[in-house]
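Colleague: This is the structure I want to talk about, given as C-alpha cells.
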Amino acid sequence: MDIIFGKNKKEQLEPVRAKVTGKIPPWLQGTLLRNGPGMHTVGESRYNHWFDGLALLHSFSIRDGEVYYRSKYLRSDTYNANIEANRIVVSEFGTMAYPDPCKNIFAKAFSYLSHTIPDFTDNCLINIMKCGKDFYATTETNYIRKINPQTLETLEKVDYRKYVAINLATAHPHYDGAGNVLNMGTSIVDKGKTKYVIFKIPASVPEEDQKKGTSPLKHTEVFCSIPSRSLLSPSYYHSFGLTDNYVVFLEQPFKLDILKMATAYMRGVSWASCMTFHREDKTYIHIVDRRTRRPVPTKFYTDPMVVFHHVNAYEEDGCVLFDVIAYQDSSLYQLFYLANLNQDFEENSRLTSVPTLRRFAVPLHVDKNAEVGSNLIRATSTRATAMKEKDDHVYCQPELLYEGLELPQINYAHNGKPYRYIYAAEVQWSPIPTKILKYDIRTKSSLKWGEESCWPAEPLFVPTPGAKDEDDGVILSAIVSTDPQKTPFLLILDAKSFTELARASIAVEMHLDLHGLFVPDTDWDTRHQSPSKAQQDTAADHHAASQA
C-alpha cells in the first residue's frame, strides 16, 4: 500500500518514450494532462491526509502511434517554502503547519493572528483548467497556478480574489460552447454576508486587450450569487451541474464551521476537523436561471447526503434532470488520512455508505393549484419524484441508478444535454478503484475493464473526429499497480466495446492522480510540443533500458 500512497514519487523531467503494445488509433493526437498528490513527506515531517500532498503534474503526449511521458512537481510557493525549510511549513486542509518553536512570543502571536483568517495554500493538486489559451493547475482555495502544458513548467500565481470576492472555489469548472469558463466559489462573511458566487471567465478578450496580453481573468464577471443559509457554516461542495439554461447547486449539510476554522491554528487542529456532516439537516437544491441570472424561487430539498461529483444535467418535459454520485455521510474523506492507508487498508477501511449514482428531477414551473402531496414530475424517462409540500416547498426523491462508482466522466459534447453513457471508476465498500466501467443509463447495463493488482485513474473520454455516436471514441486512464513488478501504463480502450486497443507502459514511478484533461494537438502549436532530437535520444535510451 505504501507503494501507492506513502512513497514520494520522483519527477521525470525529460520525456521518456513508452513501450506501446496494441495499436493506437491514428487520429489520436494530443496530450493527456493529469494532476494529483505526489509528495507526502518533506524532511522529517509528513502530511496527515493523502489529499494534502504536493502537486505532481504528469503528461502523456500521444503522436503518430507513440507516447512520451514526463512529470514535474508544481513549483508553487507552498512547494518552494517546504523544500527550502526541509519540512512542512505551509498548512494544508488536513495538516496544520506551525511556526518555528525558536520564534519569540511576539512572532508566535503574529502567526496565530495571521491564521485567524487564513491565507490558503497554492498547492494546486486537484485538476487542470483551460482558460482561453492558457492552462492552470487548480485546487479548492482562491489560488490557481498557470502552467506550461508542454513542459509542465510552473508559471504565475493567480489569486481569484483580484477578480471576484471568493475565499474558496471548485476545481471542477464548466465550459460552454464558446469556451467560456463557468465556476463557483464561496465568499465568507464579505460585507456581513456569506454566499455562493457563480462567476464567468470569458474565453477571449477584446482585440485591444489581446494586443496588451491581457488575461481573460481580468474580465471575470459575477454571474449570480446565492445567500448561504448560515452566515458562519457554509456548505462544502466540490462541483456543480449545468444545463443549457440552468445551473444546479447543492447546498448540502456537509459544512465548514468558520468560527472553528478561525481558531484551528491556536487549538492545534486542522481545518478539515472543522468540517461536519449534519445528518439531521436537509440538502437544498438551488436552480439558477442562466438567462435571468436569478435563482428559481421554489424551495427544493432532498434528504441529507454528501456529493463530490456531479455527472451531468439537462432539461426534459418541464424539469431539470441531474445526476450525481452521492454518499449517505462524509466517511470518504476520513478514509484517506495517511494513518489509515496502511497494509491493512483494503481489509479494514470500509465506507459506511457506497457511492451511488442518483438521478434527481426538479420541476421548473410549480402549479400553485397542485395538491399537497402530489408528484410534480411529468417526465416519463425517470422514476424520480418531486412532491409538493406546504409553503412553496418541494421534496425531491431520486431514482437510484447504480451502486459503486466514482470519478464520473461523460462525452463533454453532451454536457448539459440529454446523454446516455457514463464512464467511471468502479468502487464498492472500499474507496479504491479496481475497475473502469461504462454505464448505459438507457438500458441500465454496464461494461467493465479490470486487471489484477491494477488501480485505474479517472477514465477520460476522447471523441473520434467527426463522430456521430455518443460513445464513438476512446477512453484514456493512467494505471498504477500495487505489484512493484508491474510497470504503470496508459490504457486506451475502445469506448463502444470497452475492449483494449493499446497500452503504453512507462518504466517510471507513476503516482495515483485525481483529475485532468486531454488537449488535442489542434489546441496548440505542435511545433513546440514534440520532443527535441536530444530529448528523443534521451527517451530512446530510457526505452532501451526498460527493455533490457
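Each chain in the C-alpha cells gets a letter, A, B, ..., in the order shown, and its residues are numbered from 1; ligands are numbered from 1 in order too.
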Do you know which residues are at most 9 Å from Asp483 in chain A counting only C-alpha atoms, after dropping those on the same chain fewer than 3 positions away, and could you put them as JSON, numbers by chain?

Modeller: {"A": [3, 453, 454, 480, 486, 487]}

Colleague: Calculate how many Å separate CA of Thr382 in chain A from CA of Leu401 in chain A, rounding to one decimal.

Modeller: 9.8 Å

Colleague: Kindly assemble as CSV a list of the range 326-428 of chain A residues that lie within 8 Å of range 293-310 of chain A, each paired with its nearest atom pair and their distance in Å to one decimal, using only C-alpha atoms, sorted first by chain and then by ascending residue number.

Modeller:
residue,atom,partner,partner_atom,distance
A:Ala326,CA,A:Val307,CA,4.7
A:Tyr327,CA,A:Val306,CA,5.0
A:Gln328,CA,A:Met305,CA,4.8
A:Asp329,CA,A:Val306,CA,5.9
A:Ser330,CA,A:Val306,CA,6.3
A:Val362,CA,A:Phe300,CA,7.6
A:Leu364,CA,A:Val296,CA,7.7
A:Val366,CA,A:Thr298,CA,7.7
A:Asp392,CA,A:Thr298,CA,6.0
A:His393,CA,A:Lys299,CA,4.9
A:Val394,CA,A:Phe300,CA,4.8
A:Tyr395,CA,A:Tyr301,CA,5.3
A:Cys396,CA,A:Thr302,CA,5.1
A:Gln397,CA,A:Thr302,CA,6.3
A:Glu406,CA,A:His309,CA,7.8
A:Leu407,CA,A:His309,CA,7.1
A:Pro408,CA,A:His309,CA,7.3

Colleague: I need the residue nearest Tyr160 in chain A from this list: A:Asp523, A:Glu140, A:Asp472, A:Glu458. Use only C-alpha atoms for the distance.

Modeller: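 So, comparing all the options, the nearest one is A:Glu140.
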
Colleague: Go ahead and compute the interatomic distance for CA of Val89 in chain A and CA of Asp159 in chain A, in Å to one decimal.

Modeller: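 A separation of 20.3 Å between them.
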
Colleague: Rounded to one decimal place, report the CA of Tyr163 in chain A-CA of Val222 in chain A distance in Å.

Modeller: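 Rounded to one decimal, the two atoms are 9.2 Å apart.
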
Colleague: Env of Pro465 in chain A: 12 Å cut, atoms = only C-alpha atoms, seq-sep filter 6 positions within chain, self excluded. Answer as a ChimeraX atom specification.

Modeller: /A:25-29,472-474,520,522

Colleague: Just the strand (DSSP E or B) stuff from range 338-458 of chain A, please, per backbone DSSP, written as a PyMOL selection string.

Modeller: chain A and resi 356-363+375+385-388+393-397+399-403+405-409+421-426+435-440+445-450+454-456
